[in-house]
Protein chains: 2
Amino acid sequence: MTAQSQGLHTYVLDTLGLEISSGQCPPGSVLRTDELAQRFDVSRTVVREVVRVLESMHLVESRRRVGVTVRPAATWNVYDPQVIRWRLAGADRPRQLRSLTVLRSAIEPVAAGLAARHATAEQCARLTERALGMVATSRGRRLEDYLEHDIAFHRIVLDASGNEMFARLGDVVAEVLAGRTHHQVMFEDPDPAAVTLHVRLAEAVREGDPEAAERITKEIAVGALHELDVLAP
Amino acid sequence: MTAQSQGLHTYVLDTLGLEISSGQCPPGSVLRTDELAQRFDVSRTVVREVVRVLESMHLVESRRRVGVTVRPAATWNVYDPQVIRWRLAGADRPRQLRSLTVLRSAIEPVAAGLAARHATAEQCARLTERALGMVATSRGRRLEDYLEHDIAFHRIVLDASGNEMFARLGDVVAEVLAGRTHHQVMFEDPDPAAVTLHVRLAEAVREGDPEAAERITKEIAVGALHELDVLAP
DNA sequence: TGTGATGTAAACGTCGTACTTTTGCTGTCG
DNA sequence: CGACAGCAAAAGTACGACGTTTACATCACA
């Protein structure tokens with residue numbers, strides 16, 4: 001109905017994943033493959049594949065004679081970008097945004113420090129470029145353009161850290177930034193202080209100053225958390 | 001053949017996942033469902049379900065007329081505990097251990113700081129208990145017992161942070177600690193300094209001192225990284 | 001009445017086959 | 001040499017059958 005460009009499987013998976021992660025199917029509730037097949041008007045084959053994927057994300061558990069039971073949220077693979085997307089689209093976006101922002105506040109400063117040590121000249125150039133892009137789009141309600149630069153900026157930092165686990169968090173950060181921009185009251189232009197901090201971070205990385213990079217990134221994170229406190233209940 | 005207690009699906013998934021994540025099937029190589037079905041002597045249904053799961057982990061991509069192609073490692077869901085287990089069991093365990101330890105060094109100090117603020121009395125009690133357990137098992141080649149306390153200790157800290165993303169990293173930490181103990185030259189008893197630091201961390205959390213908790217956890221992380229530098233090339 | 005063994009049916013697990021759909025490739029024609 | 005048409009390979013989907021586990025109810029026996 002919404003985004004079925006890639007086959008039945010994708011549609012059923014997305015629908016079910018969203019329903020489960022939004023709490024619409026509370027933990028403990030059971031789904032039966034036959035019923036699901038009927039409901040989506042697809043074969044049991046497709047349903048089974050979907051269930052297997054949901055199972056690999058620990059969203060559900062399939063047991064004989066019982067059915068497919070929804071697992072408690074504490075067991076979900078909350079680092080799976082798919083799950084993150086579902087949860088950000090669902091009911092408890094605020095809580096989710098806060099959790100993820102705290103995660104960012106832990107990781108990005110360290111990543112920035114490492115980036116200051118390991119960033120290549122090319123990465124430094126792209127970083128500065130993006131920082132300037134943020135400055136250029138920080139006024140005049142150009143939130144979408146600003147967002148693009150912001151995402152790219154943080155992605156470069158995470159990549160430049162040289163740590164694979166950090167690098168792969170780029171998608172998460174992108175989701176957070178996008179979610180923050182789109183689903184929150186953001187009629188205002190970005191905080192000028194944050195923009196300045198990004199410029200200074202690019203400088204610190206370029207100059208190979210890990211301590212400064214880490215400190216500045218912490219300030220950015222604190223600002224983001226504060227913003228969340230103010231705008232979200 | 002090895003661990004098929006939970007059905008064909010599990011066995012095929014584990015085997016394929018391990019082969020892919022260990023680089024045995026290099027990125028770009030193609031697998032065909034029919035061939036896999038033949039190779040494992042299972043039906044195409046089972047293979048398809050496995051492929052779907054691997055696809056959800058971004059390990060492979062399935063395209064019509066072309067087959068199931070292995071994706072480059074840069075796209076893998078490296079936060080998926082299953083993937084982590086496969087990679088730790090595979091060829092590049094050293095690199096993986098280092099990545100994960102750096103990740104820990106970023107997250108655990110922040111988590112410990114939060115734990116010092118939010119830990120319940122019961123959590124503090126269990127934490128102290130585990131710290132004492134570590135002391136008790138730190139001498140006399142009782143590595144397995146020590147490991148159990150160590151894992152439980154860090155899990156409690158992550159849980160007590162009150163942040164879901166941190167809490168769900170307990171499995172990762174457990175894998176790292178277990179991998180470090182089992183697959184490295186660890187005929188020696190644990191570093192006494194590390195044991196002391198854990199005791200002091202439990203104290204800091206109990207006394208509600210976030211700064212101390214964060215600082216001590218950083219020291220633990222630095223020690224772990226140093227140990228890795230010394231023991232792994 | 002309580003407890004344990006037993007049977008049954010419900011749901012998933014697996015299989016085989018047939019058909020559909022997409023799509024890379026190839027070969028021909030202009 | 002390039003564009004278009006057709007072919008075939010491989011995944012996608014569907015359906016029906018049977019196997020396997022196991023929760024639950026029933027019944028026998030103490």
# chains A, B, ... in the order shown; residues from 1 in each chain; ligands from 1
call {"tool": "interface_residues", "arguments": {"of": "chain B", "to": "chain C", "cutoff": "7 Å", "atoms": "only C-alpha atoms (C1' of nucleotides)", "output": "number ranges by chain"}}
result
B: 43, 64-65
call {"tool": "interface_residues", "arguments": {"of": "chain D", "to": "chain B", "cutoff": "10 Å", "atoms": "only C-alpha atoms (C1' of nucleotides)", "output": "VMD selection string"}}
result
chain D and resid 8 to 12
call {"tool": "select_by_dssp", "arguments": {"residues": "segment 19-218 of chain A", "states": "strand (DSSP E)", "output": "list in words"}}
result
Val30, Leu31, Val60, Glu61, Ser62, Arg63, Gly67, Val68, Thr69 and Val70 of chain A
call {"tool": "atom_distance", "arguments": {"atom1": "atom CA of Val70 of chain B", "atom2": "atom CA of Asp80 of chain A"}}
result
19.0 Å
call {"tool": "closest_atom_pairs", "arguments": {"of": "chain A", "to": "chain B", "cutoff": "7 Å", "atoms": "only C-alpha atoms", "output": "tab-separated table"}}
result
residue	atom	partner	partner_atom	distance
A:Glu49	CA	B:Glu49	CA	5.1
A:Arg52	CA	B:Glu49	CA	6.6
A:Val53	CA	B:Val53	CA	5.1
A:Ser56	CA	B:Val53	CA	6.7
A:Asn77	CA	B:Asp80	CA	7.0
A:Val78	CA	B:Met165	CA	6.9
A:Tyr79	CA	B:Tyr79	CA	6.1
A:Asp80	CA	B:Asp80	CA	6.9
A:Ser99	CA	B:Asn163	CA	6.0
A:Leu103	CA	B:Met165	CA	6.8
A:Ala106	CA	B:Ile107	CA	5.5
A:Ile107	CA	B:Ala106	CA	5.5
A:Val110	CA	B:Ala106	CA	6.0
A:Asn163	CA	B:Ser99	CA	6.0
A:Glu164	CA	B:Ser99	CA	6.5
A:Met165	CA	B:Ser99	CA	6.3
call {"tool": "residues_around", "arguments": {"residues": "segment 194-207 of chain A", "least_positions_apart": "5", "cutoff": "10 Å", "atoms": "only C-alpha atoms (C1' of nucleotides)", "output": "compact mmCIF listing (two decimals) with N, CA and C atoms, in the first residue's frame"}}
result
# COMPACT_ATOMS: atom_id res chain seq x y z
N ALA A 112 35.26 11.71 17.34
CA ALA A 112 35.88 12.95 16.87
C ALA A 112 37.35 13.00 17.26
N GLY A 113 37.64 12.56 18.48
CA GLY A 113 39.03 12.51 18.91
C GLY A 113 39.86 11.63 18.00
N LEU A 114 39.33 10.47 17.68
CA LEU A 114 40.04 9.56 16.79
C LEU A 114 40.15 10.16 15.39
N ALA A 115 39.11 10.85 14.97
CA ALA A 115 39.14 11.46 13.64
C ALA A 115 40.25 12.50 13.56
N ALA A 116 40.43 13.24 14.64
CA ALA A 116 41.49 14.25 14.64
C ALA A 116 42.86 13.61 14.44
N ARG A 117 43.00 12.38 14.86
CA ARG A 117 44.27 11.67 14.68
C ARG A 117 44.40 11.05 13.30
N HIS A 118 43.29 10.51 12.81
CA HIS A 118 43.39 9.64 11.64
C HIS A 118 42.83 10.23 10.35
N ALA A 119 42.15 11.35 10.41
CA ALA A 119 41.48 11.85 9.21
C ALA A 119 42.48 12.14 8.09
N THR A 120 42.10 11.75 6.89
CA THR A 120 42.94 12.07 5.72
C THR A 120 42.69 13.51 5.31
N ALA A 121 43.57 14.01 4.46
CA ALA A 121 43.43 15.38 3.99
C ALA A 121 42.10 15.55 3.26
N GLN A 123 39.37 13.88 3.74
CA GLN A 123 38.26 13.91 4.71
C GLN A 123 38.17 15.27 5.39
N CYS A 124 39.35 15.84 5.72
CA CYS A 124 39.35 17.17 6.34
C CYS A 124 38.71 18.19 5.42
N ALA A 125 39.04 18.09 4.14
CA ALA A 125 38.50 19.03 3.16
C ALA A 125 36.98 18.92 3.10
N ARG A 126 36.50 17.67 3.01
CA ARG A 126 35.05 17.48 2.91
C ARG A 126 34.36 17.96 4.19
N LEU A 127 35.04 17.75 5.31
CA LEU A 127 34.46 18.16 6.58
C LEU A 127 34.29 19.68 6.63
N THR A 128 35.34 20.37 6.26
CA THR A 128 35.29 21.84 6.25
C THR A 128 34.21 22.34 5.30
N GLU A 129 34.17 21.68 4.15
CA GLU A 129 33.16 22.02 3.15
C GLU A 129 31.76 21.94 3.75
N ARG A 130 31.50 20.83 4.44
CA ARG A 130 30.18 20.64 5.03
C ARG A 130 29.90 21.66 6.13
N ALA A 131 30.92 21.95 6.91
CA ALA A 131 30.74 22.95 7.96
C ALA A 131 30.35 24.30 7.35
N LEU A 132 31.03 24.65 6.28
CA LEU A 132 30.69 25.90 5.59
C LEU A 132 29.28 25.83 5.03
N GLY A 133 28.93 24.66 4.52
CA GLY A 133 27.57 24.48 4.01
C GLY A 133 26.54 24.70 5.11
N MET A 134 26.87 24.24 6.31
CA MET A 134 25.95 24.44 7.42
C MET A 134 25.80 25.91 7.74
N VAL A 135 26.93 26.61 7.71
CA VAL A 135 26.87 28.06 7.96
C VAL A 135 25.98 28.73 6.92
N ALA A 136 26.20 28.35 5.69
CA ALA A 136 25.50 29.01 4.58
C ALA A 136 23.99 28.78 4.64
N THR A 137 23.59 27.65 5.18
CA THR A 137 22.16 27.31 5.17
C THR A 137 21.52 27.46 6.55
N SER A 138 22.24 28.09 7.46
CA SER A 138 21.75 28.14 8.84
C SER A 138 20.72 29.25 9.05
N TYR A 146 20.15 22.46 5.39
CA TYR A 146 21.00 22.39 6.57
C TYR A 146 21.13 20.94 7.04
N ASP A 150 24.41 18.68 7.73
CA ASP A 150 24.62 18.20 9.09
C ASP A 150 24.88 16.68 9.08
N PHE A 153 28.19 15.85 7.54
CA PHE A 153 29.26 16.25 8.45
C PHE A 153 29.53 15.14 9.49
N HIS A 154 28.48 14.72 10.15
CA HIS A 154 28.67 13.72 11.22
C HIS A 154 29.10 12.38 10.65
N VAL A 157 32.84 12.51 10.15
CA VAL A 157 33.57 12.37 11.42
C VAL A 157 33.62 10.90 11.83
N ALA A 160 35.87 8.95 9.58
CA ALA A 160 37.28 9.31 9.75
C ALA A 160 37.86 8.76 11.05
N ALA A 212 40.72 18.92 21.68
CA ALA A 212 39.77 19.95 21.29
C ALA A 212 38.58 19.34 20.56
N ALA A 213 38.87 18.42 19.65
CA ALA A 213 37.79 17.78 18.88
C ALA A 213 36.81 17.10 19.82
N GLU A 214 37.34 16.38 20.79
CA GLU A 214 36.47 15.68 21.73
C GLU A 214 35.66 16.67 22.56
N ARG A 215 36.32 17.70 23.03
CA ARG A 215 35.64 18.67 23.88
C ARG A 215 34.52 19.38 23.12
N ILE A 216 34.83 19.79 21.90
CA ILE A 216 33.82 20.51 21.11
C ILE A 216 32.63 19.60 20.80
N THR A 217 32.94 18.35 20.47
CA THR A 217 31.85 17.43 20.16
C THR A 217 30.96 17.20 21.38
N LYS A 218 31.59 17.17 22.54
CA LYS A 218 30.80 17.04 23.76
C LYS A 218 29.86 18.22 23.91
N GLU A 219 30.37 19.39 23.59
CA GLU A 219 29.51 20.58 23.69
C GLU A 219 28.34 20.47 22.73
N ILE A 220 28.61 19.98 21.53
CA ILE A 220 27.52 19.80 20.56
C ILE A 220 26.48 18.85 21.12
N ALA A 221 26.97 17.76 21.72
CA ALA A 221 26.05 16.75 22.26
C ALA A 221 25.22 17.32 23.40
N GLY A 223 24.42 20.34 23.85
CA GLY A 223 23.42 21.23 23.24
C GLY A 223 22.24 20.46 22.70
N ALA A 224 22.53 19.35 22.02
CA ALA A 224 21.46 18.55 21.44
C ALA A 224 20.56 17.99 22.53
call {"tool": "atom_distance", "arguments": {"atom1": "atom CA of Arg85 of chain B", "atom2": "atom CA of Leu177 of chain B"}}
result
12.1 Å
call {"tool": "select_by_dssp", "arguments": {"residues": "segment 25-140 of chain B", "states": "alpha helix (DSSP H)", "output": "PyMOL selection string"}}
result
chain B and resi 33-40+44-56+81-89+93-118+121-136
call {"tool": "write_last_selection", "arguments": {"atoms": "C-alpha atoms", "output": "short mmCIF file (atom, residue, chain, number, x, y, z; two decimals), in the first residue's frame"}}
result
data_model
loop_
_atom_site.label_atom_id
_atom_site.label_comp_id
_atom_site.auth_asym_id
_atom_site.auth_seq_id
_atom_site.Cartn_x
_atom_site.Cartn_y
_atom_site.Cartn_z
CA THR B 33 19.51 -20.90 -3.97
CA ASP B 34 19.27 -24.15 -5.87
CA GLU B 35 22.94 -24.91 -5.36
CA LEU B 36 22.67 -24.11 -1.66
CA ALA B 37 19.63 -26.34 -1.35
CA GLN B 38 21.61 -29.13 -2.94
CA ARG B 39 24.71 -28.50 -0.90
CA PHE B 40 22.90 -28.57 2.45
CA ARG B 44 14.67 -24.38 -1.41
CA THR B 45 12.15 -23.07 1.14
CA VAL B 46 14.66 -23.33 3.95
CA VAL B 47 17.39 -21.75 1.88
CA ARG B 48 15.13 -18.85 0.95
CA GLU B 49 14.31 -18.16 4.59
CA VAL B 50 17.98 -18.19 5.45
CA VAL B 51 18.78 -15.86 2.57
CA ARG B 52 16.07 -13.48 3.71
CA VAL B 53 17.61 -13.32 7.17
CA LEU B 54 21.10 -12.78 5.79
CA GLU B 55 19.61 -10.08 3.61
CA SER B 56 18.10 -8.36 6.65
CA PRO B 81 24.90 -9.92 18.04
CA GLN B 82 24.69 -12.80 15.62
CA VAL B 83 27.05 -11.08 13.19
CA ILE B 84 29.38 -10.19 16.03
CA ARG B 85 29.50 -13.80 17.13
CA TRP B 86 30.26 -14.96 13.61
CA ARG B 87 33.03 -12.42 13.19
CA LEU B 88 34.55 -13.19 16.55
CA ALA B 89 34.58 -16.83 15.61
CA ARG B 93 38.94 -11.79 15.55
CA PRO B 94 41.79 -9.43 16.55
CA ARG B 95 40.49 -6.52 14.49
CA GLN B 96 36.98 -7.18 15.68
CA LEU B 97 38.02 -7.33 19.31
CA ARG B 98 39.82 -4.03 18.95
CA SER B 99 36.86 -2.31 17.30
CA LEU B 100 34.52 -3.54 19.98
CA THR B 101 36.86 -2.61 22.79
CA VAL B 102 37.14 0.92 21.45
CA LEU B 103 33.36 1.02 21.31
CA ARG B 104 33.23 -0.12 24.91
CA SER B 105 35.74 2.56 25.89
CA ALA B 106 33.39 5.16 24.48
CA ILE B 107 30.16 3.90 25.93
CA GLU B 108 30.88 2.33 29.29
CA PRO B 109 32.26 5.43 30.99
CA VAL B 110 29.15 7.39 30.09
CA ALA B 111 26.96 4.47 31.10
CA ALA B 112 28.78 4.23 34.44
CA GLY B 113 28.22 7.92 35.05
CA LEU B 114 24.53 7.49 34.41
CA ALA B 115 24.46 4.38 36.56
CA ALA B 116 25.89 6.36 39.47
CA ARG B 117 22.88 8.64 39.17
CA HIS B 118 20.15 6.14 38.52
CA ALA B 121 19.76 -0.02 45.84
CA GLU B 122 19.25 -3.53 44.58
CA GLN B 123 21.48 -2.89 41.56
CA CYS B 124 24.16 -1.41 43.80
CA ALA B 125 24.03 -4.49 45.98
CA ARG B 126 24.39 -6.86 43.05
CA LEU B 127 27.20 -4.74 41.65
CA THR B 128 29.15 -4.89 44.89
CA GLU B 129 28.49 -8.60 45.09
CA ARG B 130 29.95 -9.14 41.65
CA ALA B 131 32.95 -6.96 42.39
CA LEU B 132 33.66 -9.07 45.45
CA GLY B 133 33.20 -12.16 43.35
CA MET B 134 35.82 -10.86 40.96
CA VAL B 135 38.22 -10.31 43.83
CA ALA B 136 37.57 -13.79 45.15
#
call {"tool": "atom_distance", "arguments": {"atom1": "atom CA of Ile156 of chain B", "atom2": "atom CA of Glu144 of chain B"}}
result
18.6 Å
